[in-house]
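To start, the structure under review is shown below, and the notes come after it.
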Protein chains: 2
Amino acid sequence: MTNLAPNQLPAWQALQAHQTRIAPLHMRELFAGDEKRFRRFSMQACDLFLDYSKNRITTDTMALLVELAQRSGVEAWRDRMFAGDVVNASEHRAALHVALRAPGGQPFPAPVGDVMPAVAAARRRMGEVSEALRQGRWTGHSGKTITHIVHMGIGGSHLGPEMGTRALVATGAGGPALAFVSSVDGAGLSAALAQARAETTLFIVASKSFSTAETMANAASARAWLLERGGFPAAAVGDHFIAVTANADGARDFGILDDNILPLWDWVGGRFSLCSCVGLPVAIAAGMDAFDQLLAGAHDMDQHFLNAPLAENMPVVLGLLGVWYRNFFAAASRVVLPYDLRLGGFPAYLQQLEMESAGKKVGRDGESLEFDTCPVVWGGSGNDAQHSFFQLLHQGGALVPCDFLVPAGGGSGLSEHDDGLLANALAQAQALMVGRDADETRAHLAGQGLSGEGLQALLPHCVFTGNQPSNTLLYASLTPRRLGALIALYEHRIFVQCVCWGVNAFDQWGVELGKGLARRLQTELADGTGGDHDGSTAGLLAHARRLRRNR
Amino acid sequence: MTNLAPNQLPAWQALQAHQTRIAPLHMRELFAGDEKRFRRFSMQACDLFLDYSKNRITTDTMALLVELAQRSGVEAWRDRMFAGDVVNASEHRAALHVALRAPGGQPFPAPVGDVMPAVAAARRRMGEVSEALRQGRWTGHSGKTITHIVHMGIGGSHLGPEMGTRALVATGAGGPALAFVSSVDGAGLSAALAQARAETTLFIVASKSFSTAETMANAASARAWLLERGGFPAAAVGDHFIAVTANADGARDFGILDDNILPLWDWVGGRFSLCSCVGLPVAIAAGMDAFDQLLAGAHDMDQHFLNAPLAENMPVVLGLLGVWYRNFFAAASRVVLPYDLRLGGFPAYLQQLEMESAGKKVGRDGESLEFDTCPVVWGGSGNDAQHSFFQLLHQGGALVPCDFLVPAGGGSGLSEHDDGLLANALAQAQALMVGRDADETRAHLAGQGLSGEGLQALLPHCVFTGNQPSNTLLYASLTPRRLGALIALYEHRIFVQCVCWGVNAFDQWGVELGKGLARRLQTELADGTGGDHDGSTAGLLAHARRLRRNR
């Protein structure tokens with residue numbers, strides 16, 4: 001470790017000089033000049049195959065990036081995180097999500113003590129709850145089996161559970177129906193309750209603090225609905241509500257039974273909490289065995305991250321490539337493209353994981369950072385996106401690094417679908433890299449029967465510069481274990497980037513100001529009063545009131 | 001109009017000089033110095049209220065931007081589009097989506113002739129089909145009422161219908177259940193069919209060419225499923241399939257009856273086609289009356305765009321602000337934040353609309369453009385995003401212009417939810433603009449009981465620079481008519497930007513190369529052959545084959 005700012009490190013400055021030499025090169029040339037490029041720039045870990053050869057890198061680039069990681073203290077910070085040190089300094093907390101998937105029966109010693117007894121007890125209770133629900137043994141206040149579950153949580157208490165449930169629900173066919181409510185928009189809760197009956201519906205309230213405004217508004221409305229629709233006494237809340245929270249007192253005050261309060265701890269951040277009891281919906285949808293497999297896959301990746309040399313360490317390599325494009329090519333965004341509908345929730349999950357962890361311009365010691373940090377992370381189903389925003393990736397002119405997530409397929413019995421999906425994923429990554437120059441395009445258009453002025457006019461519109469970088473993560477098919485590895489891979493990747501930038505990955509002070517202002521505005525709306533606001537806020541408030549009156 | 005490149009126009013250069021003067025100003029100061037700022041920079045059109053006062057602009061900025069629009073020929077290109085001229089030169093086509101929502105009974109003369117008779121006939125048939133389905137009068141091959149509809153289409157044949165259906169399905173309670181299948185991933189079709197029975201399921205195949213690979217693969221599998229599960233003869237396809245296509249012959253060959261082939265025309269681009277028969281799912285979900293209202297709202301906005309002076313023209317103002325941030329502040333992305341779950345599909349819809357229209361670095365005459373064009377467009381449910389990527393918007397340091405879409409609410413009977421949603425929307429836009437400087441933050445932390453070194457250490461993490469620009473579109477509640485206006489607003493907004501950049505908004509040559517490569521790879525996968533590929537593609541193909549063999 002060092003006291004130099006990241007951009008003052010010799011490795012950083014060497015990378016800058018190196019970039020000016022390498023930037024004019026086309027990846028086509030890099031492939032043409034090195035038969036071993038694919039083998040050189042690909043690796044396997046935890047049943048995931050990473051091809052990163054379609055990046056604007058050479059062996060020198062990777063050597064310099066690895067040096068940057070060393071000089072930035074990636075290994076030391078990783079080891080501190082695994083040791084349970086207070087790596088989240090601004091909140092005086094450890095970040096021990098890796099303990100959540102550590103094997104049972106072994107201690108996980110940390111300054112806060114051995115956390116494994118608490119983790120094991122929580123897993124046990126999660127297993128009991130999820131299996132009771134899956135097997136129809138959980139009955140509501142009138143003795144009927146629970147058939148509908150409405151999960152209420154937002155941010156880290158929502159994106160992971162929904163992503164995981166979508167990914168694995170087919171694995172665990174059967175069990176109650178699951179709906180997710182996150183926004184305070186009443187339309188969300190209404191839609192979730194439209195198909196539900198009070199007697200057979202269970203609610204999960206996931207909130208670390210048990211005071212998240214949106215979640216508590218939804219929980220209160222759900223409780224009112226339950227008691228009114230069911231004609232139940234207040235005690236029925238005990239049969240129909242589960243809490244996942246670090247605030248057991250708050251949950252008890254709400255009416256939730258001690259047995260139905262699943263724990264959280266201050267050493268687990270919301271966006272890193274999927275492997276805790278926050279993952280309960282995944283266990284309900286896919287079964288506790290599948291959830292245990294997910295934990296095992298995440299643990300495999302933890303061990304890989306902890307033990308593999310930096311140059312052969314998948315999260316490290318991906319994190320360094322992130323730094324490479326962000327800081328040396330000024331890439332403002334990165335796009336995530338699953339060719340796998342089961343990973344439909346993954347881009348939104350990563351948006352929180354990455355942008356909330358690294359969307360900061362202040363270093364961990366409070367210093368202002370004079371370089372770019374987190375890019376915008378966006379994306380969506382890759383095959384769909386080909387017919388949508390890929391136009392911009394191919395011809396928009398901006399460097400946008402792409403992550404392709406691709407199952408090899410072949411097991412569905414629908415070979416045309418499997419082949420089509422795989423072929424499209426590989427073809428798009430290929431087209432983005434290779435491009436099509438003017439001569440090739442001229443030949444292509446001539447082959448379509450064009451010539452003369454018509455060909456000449458169309459030509460510039462049909463040229464592709466290529467040289468757009470991408471990573472491809474290839475796997476046989478999405479299993480719980482591979483999903484766990486994928487989650488841990490991206491968790492550690494952003495951690496590596498944060499270390500390189502000198503940023504605390506585990507706090508999120510940027511969410512506080514808006515919360516405070518919202519409380520104030522909500523009070524004014526309820527009271528009909530008007531506070532001291534800027535002209536825009538005051539004007540919008542007045543106009544909204546006018547619209548409400550005129551309904 | 002002019003032959004100068006956009007960035008050589010005097011207005012462009014004046015904007016550059018102006019930007020250097022205005023960039024250091026904080027919006028707080030702009031509000032403090034102008035009591036009328038909110039009134040000055042807000043407007044109303046088609047029942048939508050736009051507040052654009054929280055932008056980094058002055059009256060001079062807007063005057064220069066309007067001059068840029070004039071000099072770029074926005075009015076002339078708009079008038080050419082409405083007149084049905086060949087504004088899509090590279091494909092030799094008009095772009096007459098505005099005719100799709102023109103009032104019936106009046107001609108819409110264009111060089112291709114009066115399109116209104118064909119439009120009116122299509123609308124009539126759409127009404128018959130959608131009402132028959134909603135009223136349970138459409139029966140399948142065995143005489144049973146259709147209860148499930150599976151819509152198959154991708155890109156422009158998917159994003160609009162799904163967005164519109166999600167937005168308006170609550171308006172038209174009742175009618176068959178609707179599922180959307182777009183990707184070739186077999187998991188999509190399987191999930192849609194899991195709840196369906198052959199006897200009561202209808203399929204809509206939406207493909208302008210009736211040859212889109214993904215859609216045709218899904219349609220073929222759906223047909224096989226129908227005949228096998230239903231035990232039906234091939235002729236049953238006639239009772240269970242509808243096509244929306246410009247290729248009636250292709251649909252007939254598939255087995256679809258003439259009466260069930262709804263038309264499309266080459267003067268409607270996929271991403272501009274929601275107001276054509278492509279919108280059929282919306283009419284089925286919400287009713288044809290609602291769809292007619294959507295058309296009326298879009299037509300209102302068309303008329304506003306056609307007639308309002310540039311400075312008071314909502315799509316023009318929004319488009320110019322897009323140019324302002326992209327070209328003069330180098331903003332690489334723009335984020336769209338609906339505080340309205342019914343608009344959950346709107347960000348993905350806009351991603352195609354904007355990035356496929358403007359993701360180009362070649363001018364309409366084939367010239368290379370020496371300035372940035374389309375930014376990345378991304379977003380998601382605003383209230384959810386507060387607990388996710390808002391960290392980056394507040395403290396990430398990059399300028400990311402925001403669009404807030406906000407219903408005033410107040411009609412749901414759930415006042416805590418309505419107030420909470422509105423308060424959060426206004427508070428976030430406020431916080432992004434106002435920020436919180438070091439002195440205010442110090443006072444805030446002291447108010448929380450912090451002092452001394454503890455306060456000092458936390459202080460830099462809790463400062464918000466603010467000055468992050470946003471537009472707020474406020475409306476009473478989402479109706480079909482307002483949704484129509486919103487759609488047309490964004491269509492014309494991106495058109496304005498394209499004119500300012502000198503880009504053809506209506507072609508999309510960037511999607512072709514990958515399609516061709518995918519066809520080749522798919523053949524190789526099916527045949528077990530290997531073509532001549534770069535090392536990465538060859539390596540990935542080999543590895544995927546290995547994974548498939550080892551299943």
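Each chain of the structure tokens is named A, B, ... in the order shown, its residues numbered from 1; ligands are numbered from 1 in display order.
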
message: Run DSSP on the backbone and tell me which residues of stretch 84-234 of chain A come out as strand (DSSP E); list them as a ChimeraX atom specification.
response: /A:148-152,177-181,201-206

Store the residues picked out above in a file with N, CA and C atoms, as a PDB file, in the first residue's frame.
ATOM      1  N   HIS A 148     -49.720 -17.957  -1.784  1.00  0.00           N
ATOM      2  CA  HIS A 148     -49.174 -16.720  -2.366  1.00  0.00           C
ATOM      3  C   HIS A 148     -48.227 -16.061  -1.366  1.00  0.00           C
ATOM      4  N   ILE A 149     -47.101 -15.602  -1.889  1.00  0.00           N
ATOM      5  CA  ILE A 149     -46.176 -14.841  -1.046  1.00  0.00           C
ATOM      6  C   ILE A 149     -45.922 -13.501  -1.702  1.00  0.00           C
ATOM      7  N   VAL A 150     -46.045 -12.444  -0.920  1.00  0.00           N
ATOM      8  CA  VAL A 150     -45.729 -11.107  -1.413  1.00  0.00           C
ATOM      9  C   VAL A 150     -44.508 -10.622  -0.642  1.00  0.00           C
ATOM     10  N   HIS A 151     -43.439 -10.382  -1.372  1.00  0.00           N
ATOM     11  CA  HIS A 151     -42.179  -9.948  -0.766  1.00  0.00           C
ATOM     12  C   HIS A 151     -42.079  -8.443  -0.856  1.00  0.00           C
ATOM     13  N   MET A 152     -41.814  -7.790   0.277  1.00  0.00           N
ATOM     14  CA  MET A 152     -41.707  -6.336   0.298  1.00  0.00           C
ATOM     15  C   MET A 152     -40.323  -5.924   0.763  1.00  0.00           C
ATOM     16  N   ALA A 177     -46.705 -19.144  -5.154  1.00  0.00           N
ATOM     17  CA  ALA A 177     -46.398 -18.078  -6.115  1.00  0.00           C
ATOM     18  C   ALA A 177     -45.741 -16.924  -5.368  1.00  0.00           C
ATOM     19  N   LEU A 178     -44.791 -16.265  -6.006  1.00  0.00           N
ATOM     20  CA  LEU A 178     -44.046 -15.169  -5.370  1.00  0.00           C
ATOM     21  C   LEU A 178     -44.233 -13.878  -6.155  1.00  0.00           C
ATOM     22  N   ALA A 179     -44.578 -12.809  -5.462  1.00  0.00           N
ATOM     23  CA  ALA A 179     -44.631 -11.493  -6.109  1.00  0.00           C
ATOM     24  C   ALA A 179     -43.744 -10.542  -5.322  1.00  0.00           C
ATOM     25  N   PHE A 180     -43.150  -9.593  -6.036  1.00  0.00           N
ATOM     26  CA  PHE A 180     -42.245  -8.637  -5.397  1.00  0.00           C
ATOM     27  C   PHE A 180     -42.837  -7.230  -5.453  1.00  0.00           C
ATOM     28  N   VAL A 181     -42.847  -6.560  -4.326  1.00  0.00           N
ATOM     29  CA  VAL A 181     -43.313  -5.175  -4.249  1.00  0.00           C
ATOM     30  C   VAL A 181     -42.166  -4.357  -3.679  1.00  0.00           C
ATOM     31  N   THR A 201     -52.303 -15.961   1.945  1.00  0.00           N
ATOM     32  CA  THR A 201     -51.191 -15.103   1.541  1.00  0.00           C
ATOM     33  C   THR A 201     -50.257 -14.819   2.709  1.00  0.00           C
ATOM     34  N   LEU A 202     -48.964 -14.895   2.416  1.00  0.00           N
ATOM     35  CA  LEU A 202     -47.939 -14.586   3.400  1.00  0.00           C
ATOM     36  C   LEU A 202     -47.112 -13.400   2.902  1.00  0.00           C
ATOM     37  N   PHE A 203     -46.710 -12.552   3.829  1.00  0.00           N
ATOM     38  CA  PHE A 203     -45.896 -11.391   3.473  1.00  0.00           C
ATOM     39  C   PHE A 203     -44.499 -11.509   4.082  1.00  0.00           C
ATOM     40  N   ILE A 204     -43.498 -11.177   3.274  1.00  0.00           N
ATOM     41  CA  ILE A 204     -42.127 -11.083   3.790  1.00  0.00           C
ATOM     42  C   ILE A 204     -41.730  -9.611   3.766  1.00  0.00           C
ATOM     43  N   VAL A 205     -41.340  -9.084   4.913  1.00  0.00           N
ATOM     44  CA  VAL A 205     -40.897  -7.695   4.992  1.00  0.00           C
ATOM     45  C   VAL A 205     -39.376  -7.711   5.178  1.00  0.00           C
ATOM     46  N   ALA A 206     -38.659  -7.281   4.137  1.00  0.00           N
ATOM     47  CA  ALA A 206     -37.199  -7.295   4.200  1.00  0.00           C
ATOM     48  C   ALA A 206     -36.689  -5.868   4.295  1.00  0.00           C
TER      49      ALA A 206
END

Can you pull out the residues contacting A:Ala63? Cut-off 12 Å, using only C-alpha atoms, and skip same-chain residues under 5 positions away; I want them as a short mmCIF file (atom, residue, chain, number, x, y, z; two decimals) with all heavy atoms, in the first residue's frame.
data_model
loop_
_atom_site.label_atom_id
_atom_site.label_comp_id
_atom_site.auth_asym_id
_atom_site.auth_seq_id
_atom_site.Cartn_x
_atom_site.Cartn_y
_atom_site.Cartn_z
N ALA A 11 2.61 3.01 -11.90
CA ALA A 11 1.90 2.07 -12.78
C ALA A 11 0.79 2.79 -13.55
O ALA A 11 0.55 2.52 -14.73
CB ALA A 11 1.32 0.92 -11.95
N TRP A 12 0.12 3.69 -12.88
CA TRP A 12 -0.95 4.48 -13.53
C TRP A 12 -0.36 5.30 -14.67
O TRP A 12 -0.88 5.34 -15.78
CB TRP A 12 -1.63 5.37 -12.49
CG TRP A 12 -2.83 6.12 -12.96
CD1 TRP A 12 -2.87 7.18 -13.82
CD2 TRP A 12 -4.20 5.88 -12.59
NE1 TRP A 12 -4.15 7.62 -14.01
CE2 TRP A 12 -5.00 6.84 -13.26
CE3 TRP A 12 -4.83 4.96 -11.74
CZ2 TRP A 12 -6.39 6.90 -13.10
CZ3 TRP A 12 -6.22 5.02 -11.59
CH2 TRP A 12 -6.98 5.98 -12.27
N ALA A 14 2.45 4.83 -16.20
CA ALA A 14 2.94 3.94 -17.27
C ALA A 14 1.77 3.49 -18.14
O ALA A 14 1.90 3.37 -19.37
CB ALA A 14 3.64 2.73 -16.65
N LEU A 15 0.63 3.24 -17.52
CA LEU A 15 -0.55 2.84 -18.30
C LEU A 15 -0.99 3.96 -19.24
O LEU A 15 -1.43 3.71 -20.36
CB LEU A 15 -1.69 2.43 -17.36
CG LEU A 15 -1.58 1.01 -16.79
CD1 LEU A 15 -2.46 0.83 -15.56
CD2 LEU A 15 -1.97 -0.03 -17.87
N HIS A 18 1.33 3.92 -22.11
CA HIS A 18 1.04 2.70 -22.88
C HIS A 18 -0.24 2.85 -23.70
O HIS A 18 -0.31 2.42 -24.86
CB HIS A 18 0.92 1.53 -21.90
CG HIS A 18 0.50 0.23 -22.51
ND1 HIS A 18 1.30 -0.50 -23.36
CD2 HIS A 18 -0.67 -0.46 -22.40
CE1 HIS A 18 0.64 -1.59 -23.74
NE2 HIS A 18 -0.54 -1.59 -23.18
N ILE A 57 -6.08 -4.82 -25.49
CA ILE A 57 -4.97 -5.08 -24.57
C ILE A 57 -3.88 -5.91 -25.25
O ILE A 57 -4.15 -6.61 -26.23
CB ILE A 57 -5.43 -5.86 -23.32
CG1 ILE A 57 -6.16 -7.15 -23.74
CG2 ILE A 57 -6.32 -5.01 -22.44
CD1 ILE A 57 -6.40 -8.13 -22.62
N THR A 58 -2.69 -5.81 -24.70
CA THR A 58 -1.59 -6.72 -25.06
C THR A 58 -1.08 -7.32 -23.75
O THR A 58 -1.57 -6.98 -22.66
CB THR A 58 -0.44 -5.95 -25.73
OG1 THR A 58 0.10 -5.02 -24.77
CG2 THR A 58 -0.92 -5.17 -26.95
N LEU A 68 -0.57 -2.28 -11.27
CA LEU A 68 -1.43 -1.28 -10.64
C LEU A 68 -2.21 -1.89 -9.47
O LEU A 68 -2.32 -1.29 -8.40
CB LEU A 68 -2.40 -0.69 -11.67
CG LEU A 68 -3.36 0.38 -11.13
CD1 LEU A 68 -2.61 1.67 -10.81
CD2 LEU A 68 -4.48 0.67 -12.13
N ALA A 69 -2.73 -3.09 -9.69
CA ALA A 69 -3.48 -3.76 -8.63
C ALA A 69 -2.59 -3.97 -7.40
O ALA A 69 -3.00 -3.71 -6.26
CB ALA A 69 -4.02 -5.10 -9.14
N GLN A 70 -1.35 -4.43 -7.66
CA GLN A 70 -0.44 -4.66 -6.54
C GLN A 70 -0.17 -3.37 -5.78
O GLN A 70 -0.28 -3.31 -4.57
CB GLN A 70 0.88 -5.25 -7.06
CG GLN A 70 0.78 -6.72 -7.38
CD GLN A 70 1.91 -7.20 -8.28
OE1 GLN A 70 2.52 -6.41 -8.99
NE2 GLN A 70 2.15 -8.50 -8.28
N LEU A 310 -2.85 -12.68 -8.97
CA LEU A 310 -3.64 -11.58 -9.54
C LEU A 310 -3.86 -11.76 -11.04
O LEU A 310 -4.96 -11.53 -11.55
CB LEU A 310 -2.94 -10.24 -9.28
CG LEU A 310 -2.86 -9.82 -7.81
CD1 LEU A 310 -2.19 -8.44 -7.70
CD2 LEU A 310 -4.22 -9.79 -7.14
N ALA A 311 -2.84 -12.18 -11.76
CA ALA A 311 -2.95 -12.26 -13.22
C ALA A 311 -3.87 -13.38 -13.67
O ALA A 311 -4.30 -13.43 -14.82
CB ALA A 311 -1.58 -12.42 -13.85
N GLU A 312 -4.16 -14.31 -12.76
CA GLU A 312 -5.03 -15.45 -13.11
C GLU A 312 -6.29 -15.43 -12.28
O GLU A 312 -6.96 -16.45 -12.10
CB GLU A 312 -4.27 -16.77 -12.86
CG GLU A 312 -3.03 -16.91 -13.72
CD GLU A 312 -2.02 -17.88 -13.11
OE1 GLU A 312 -2.46 -18.85 -12.45
OE2 GLU A 312 -0.80 -17.64 -13.27
N VAL A 317 -8.95 -9.63 -12.89
CA VAL A 317 -8.78 -9.31 -14.32
C VAL A 317 -9.95 -8.46 -14.80
O VAL A 317 -9.76 -7.44 -15.49
CB VAL A 317 -8.63 -10.61 -15.14
CG1 VAL A 317 -8.81 -10.33 -16.62
CG2 VAL A 317 -7.27 -11.25 -14.87
N LEU A 320 -9.73 -4.95 -13.36
CA LEU A 320 -8.66 -4.16 -13.98
C LEU A 320 -9.06 -3.70 -15.38
O LEU A 320 -8.74 -2.57 -15.78
CB LEU A 320 -7.36 -4.98 -14.02
CG LEU A 320 -6.71 -5.19 -12.64
CD1 LEU A 320 -5.54 -6.15 -12.74
CD2 LEU A 320 -6.26 -3.85 -12.04
N LEU A 321 -9.76 -4.56 -16.11
CA LEU A 321 -10.25 -4.13 -17.42
C LEU A 321 -11.23 -2.97 -17.27
O LEU A 321 -11.27 -2.05 -18.10
CB LEU A 321 -10.89 -5.30 -18.17
CG LEU A 321 -9.91 -6.37 -18.65
CD1 LEU A 321 -10.65 -7.62 -19.12
CD2 LEU A 321 -9.01 -5.83 -19.76
#

Contacts between stretch 364-387 of chain A and stretch 87-182 of chain B, please, where a residue of stretch 87-182 of chain B counts if it comes within 12 Å (with only C-alpha atoms); show its shortest atom pair and distance in Å to one decimal, rows by chain and ascending number, as a tab-separated table.
residue	atom	partner	partner_atom	distance
B:Gly153	CA	A:Asp384	CA	9.8
B:Ile154	CA	A:Asp384	CA	6.4
B:Gly155	CA	A:His387	CA	4.5
B:Gly156	CA	A:His387	CA	7.5
B:Ser157	CA	A:His387	CA	9.5
B:His158	CA	A:Asp384	CA	9.1
B:Leu159	CA	A:Asp384	CA	9.2
B:Val181	CA	A:Asp384	CA	10.2
B:Ser182	CA	A:Asp384	CA	6.7

Resulting file, chosen residues, N, CA and C atoms, as a CSV table (one decimal), in the first residue's frame:
chain,number,residue,atom,x,y,z
B,153,GLY,N,-42.7,-11.2,-31.2
B,153,GLY,CA,-42.1,-10.1,-32.0
B,153,GLY,C,-40.9,-9.7,-31.2
B,154,ILE,N,-40.0,-9.0,-31.8
B,154,ILE,CA,-38.8,-8.5,-31.2
B,154,ILE,C,-38.4,-7.1,-31.6
B,155,GLY,N,-37.7,-6.4,-30.8
B,155,GLY,CA,-37.4,-5.0,-31.1
B,155,GLY,C,-38.6,-4.1,-31.2
B,156,GLY,N,-38.8,-3.5,-32.4
B,156,GLY,CA,-39.9,-2.6,-32.6
B,156,GLY,C,-41.2,-3.3,-32.5
B,157,SER,N,-41.3,-4.6,-32.8
B,157,SER,CA,-42.5,-5.3,-32.7
B,157,SER,C,-42.8,-5.9,-31.3
B,158,HIS,N,-42.0,-5.5,-30.4
B,158,HIS,CA,-42.1,-6.0,-29.0
B,158,HIS,C,-42.1,-4.9,-28.0
B,159,LEU,N,-41.2,-4.0,-28.0
B,159,LEU,CA,-41.0,-3.0,-26.9
B,159,LEU,C,-42.2,-2.1,-26.8
B,181,VAL,N,-43.3,-12.9,-25.9
B,181,VAL,CA,-42.1,-13.7,-26.2
B,181,VAL,C,-41.3,-12.9,-27.3
B,182,SER,N,-40.0,-12.7,-27.0
B,182,SER,CA,-39.2,-11.9,-27.9
B,182,SER,C,-37.9,-12.6,-28.3

Worksheet entry | Option closest in space to A:Met314, from A:Thr537, A:Leu421, A:Ala457, A:Asn471 [counting only C-alpha atoms] |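 Closest to A:Met314, using only C-alpha atoms: A:Asn471.
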
Practice prompt. Check the smallest atom-to-atom distance from each of A:Leu459, A:Val499, A:Leu25, A:Ala122 to chain B using only C-alpha atoms, then report the winner.
Written response: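 Using only C-alpha atoms, chain B sits closest to A:Leu459.
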
Using only C-alpha atoms, the residue out of A:Asp185, A:Asp114, A:Asp532, A:Glu199 with shortest distance to chain B is A:Asp185

Contacts of stretch 74-78 of chain A within 10 Å, only C-alpha atoms, excl. fewer than 5 positions in-chain, as an mmCIF file with C-alpha atoms, in the first residue's frame:
data_model
loop_
_atom_site.group_PDB
_atom_site.id
_atom_site.type_symbol
_atom_site.label_atom_id
_atom_site.label_comp_id
_atom_site.auth_asym_id
_atom_site.auth_seq_id
_atom_site.Cartn_x
_atom_site.Cartn_y
_atom_site.Cartn_z
ATOM 1 C CA MET A 1 0.000 0.000 0.000
ATOM 2 C CA VAL A 66 -1.574 -6.221 -12.511
ATOM 3 C CA LEU A 68 -1.431 -1.275 -10.640
ATOM 4 C CA ALA A 69 -3.477 -3.760 -8.627
ATOM 5 C CA ALA A 83 -10.320 -11.085 7.938
ATOM 6 C CA ASP A 85 -11.405 -5.794 9.489
ATOM 7 C CA VAL A 87 -12.944 -1.980 5.673
ATOM 8 C CA PHE A 305 -10.444 -14.562 -5.440
ATOM 9 C CA LEU A 306 -8.555 -15.144 -2.210
ATOM 10 C CA ASN A 307 -5.991 -17.574 -3.577
ATOM 11 C CA PRO A 309 -2.446 -14.993 -8.380
ATOM 12 C CA LEU A 310 -3.637 -11.583 -9.540
ATOM 13 C CA VAL A 316 -9.173 -9.081 -10.544
ATOM 14 C CA HIS A 492 -15.288 -8.932 -6.079
ATOM 15 C CA PHE A 495 -14.371 -4.335 -4.971
ATOM 16 C CA VAL A 496 -11.143 -4.565 -6.996
ATOM 17 C CA GLN A 497 -12.106 -1.457 -8.958
ATOM 18 C CA CYS A 498 -12.909 0.410 -5.756
ATOM 19 C CA VAL A 499 -9.513 -0.497 -4.302
ATOM 20 C CA CYS A 500 -7.787 0.763 -7.460
ATOM 21 C CA GLY A 502 -9.130 4.260 -3.393
#

Q | Exercise: A:Phe506 partners within 6 Å, only C-alpha atoms, chain neighbours under 2 positions left out, as a ChimeraX atom specification | A | /A:88,357,504

Which residues come within 6 Å of stretch 461-468 of chain A, counting only C-alpha atoms, excluding same-chain residues fewer than 6 positions away, as an MDAnalysis selection string? (chainID A and resid 26:27 432:438) or (chainID B and resid 509)

Checklist entry - For the atom pair atom CA of A:Lys54 and atom CA of A:Gln391, what is the interatomic distance in Å to one decimal place? => result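 Between atom CA of A:Lys54 and atom CA of A:Gln391 the gap is 19.2 Å.
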
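Between atom CA of A:Phe49 and atom CA of A:Asn313 the separation is 12.2 Å.
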
A:Arg493: which residues within 8 Å, counting only C-alpha atoms, same-chain residues fewer than 5 positions away excluded, as a PDB file with N, CA, C and O atoms, in the first residue's frame?
ATOM      1  N   PRO A 315     -12.000 -12.178 -10.925  1.00  0.00           N
ATOM      2  CA  PRO A 315     -12.531 -10.858 -10.536  1.00  0.00           C
ATOM      3  C   PRO A 315     -11.482  -9.749 -10.662  1.00  0.00           C
ATOM      4  O   PRO A 315     -11.828  -8.617 -10.998  1.00  0.00           O
ATOM      5  N   VAL A 316     -10.229 -10.087 -10.431  1.00  0.00           N
ATOM      6  CA  VAL A 316      -9.173  -9.081 -10.544  1.00  0.00           C
ATOM      7  C   VAL A 316      -9.007  -8.651 -12.003  1.00  0.00           C
ATOM      8  O   VAL A 316      -8.952  -7.465 -12.321  1.00  0.00           O
ATOM      9  N   LEU A 318     -11.167  -8.856 -14.436  1.00  0.00           N
ATOM     10  CA  LEU A 318     -12.330  -8.071 -14.892  1.00  0.00           C
ATOM     11  C   LEU A 318     -12.321  -6.673 -14.287  1.00  0.00           C
ATOM     12  O   LEU A 318     -12.635  -5.686 -14.967  1.00  0.00           O
ATOM     13  N   GLY A 319     -11.979  -6.571 -13.016  1.00  0.00           N
ATOM     14  CA  GLY A 319     -11.916  -5.252 -12.373  1.00  0.00           C
ATOM     15  C   GLY A 319     -10.872  -4.363 -13.030  1.00  0.00           C
ATOM     16  O   GLY A 319     -11.105  -3.173 -13.270  1.00  0.00           O
TER      17      GLY A 319
END

Which one of B:Pro480, B:Pro111, B:Gly84, B:Gly510 sits closest to chain A if you count only C-alpha atoms?
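The closest residue to chain A is B:Gly510.
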